[in-house]
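To keep things clear, I will list the structure first and then write my remarks on it.
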Amino acid sequence: MNTSAKRRVALVLVLGATVVGVTGFTLRDLPLVWLSVWRLDSPGERVRLDALARLGEIGSPMATPHLVSYIRRTTDEVTPSRRRAFEIIIAVESRPAVVLERLLTDDDWIVRFWAACFLGNLGEDAAPSLDALLAARADPKAQVREAASIACERVVAASRRAARRQGRFPLEKRTAPAQ
């Protein structure tokens, strides 16, 4: 575990979770979070998956910076643990689109690819990140461009469906010819 993570853990111990602003987290969970974050550095894929499962069970947004750090430092291209880290971010974050949008500008093309894919899976919730997805369609890597294009289509389609359900933009009014 890096030094800044240890400092954050110590701060939570001293001040308490509510003072630090971590919601949905109790001090009882702190040793599990710390142990799980430490186990993410293991060379064994099963150990990392177990650590990610524990972080997912705890469901604390406190784990998000560690998960992002893990996603960025993992050198192998596609592993179940890397994908699971993305899934946990979506599950525990109140606004996962913001985290995924930041990952769209990562140096590693695999991280950008998965961020675009998961943003597309968020549907209407990723609408605020549409500009970042549109920018990712100009990525130097073809796989990222394709994932961003598909994600844009999914987000726009989900937003249109939600708008029709709420009656904000009825389809007849949009397609009616101008007089």
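Identifiers for the structure tokens are assigned positionally: chains receive A, B, ... in sequence, residues are indexed from 1 per chain, and ligands are indexed from 1 in the order shown.
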
- Task: Skip region 110-126 of chain A itself and residues of its chain fewer than 2 positions away, then list as JSON, numbers by chain all residues within 10 Å of it, counting only C-alpha atoms.
- Result: {"A": [68, 71, 72, 74, 75, 76, 77, 78, 82, 83, 86, 87, 90, 95, 96, 97, 98, 99, 100, 101, 102, 103, 104, 105, 106, 107, 108, 128, 129, 130, 132, 133, 136, 137, 139, 141, 142, 143, 144, 145, 146, 147, 148, 149, 150, 151, 152, 153, 154, 155, 156, 157, 158, 159, 160, 161, 162, 163]}

- Among region 73-171 of chain A, which ones does DSSP place in alpha helix (DSSP H), written as a VMD selection string? chain A and resid 73 80 to 92 96 to 103 109 to 122 130 to 136 142 to 166 171

- For CA of Ser81 (chain A) and CA of Leu49 (chain A), determine how far apart the two atoms are, in Å to one decimal place. 5.3 Å

- Item | Nearest to Gly59 (chain A), chosen from A:Ile88, A:Ser94, A:Ala135, A:Gly167, with only C-alpha atoms counted in the distances |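 Of all the options, A:Ile88 lies closest to Gly59 (chain A).
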
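Here CA of Val92 (chain A) stands at a distance of 8.9 Å from CA of Ile58 (chain A).
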
- Query: In Å to one decimal, how far is CA of Ser36 (chain A) from CA of Ala51 (chain A)?
  - Reply: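 A separation of 4.5 Å between them.
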
- Query: Which neighbours of Arg46 (chain A) fall inside 12 Å, counting only C-alpha atoms, when residues of the same chain fewer than 4 positions from it are skipped, and could you give them as a count of residues only?
  - Reply: 12
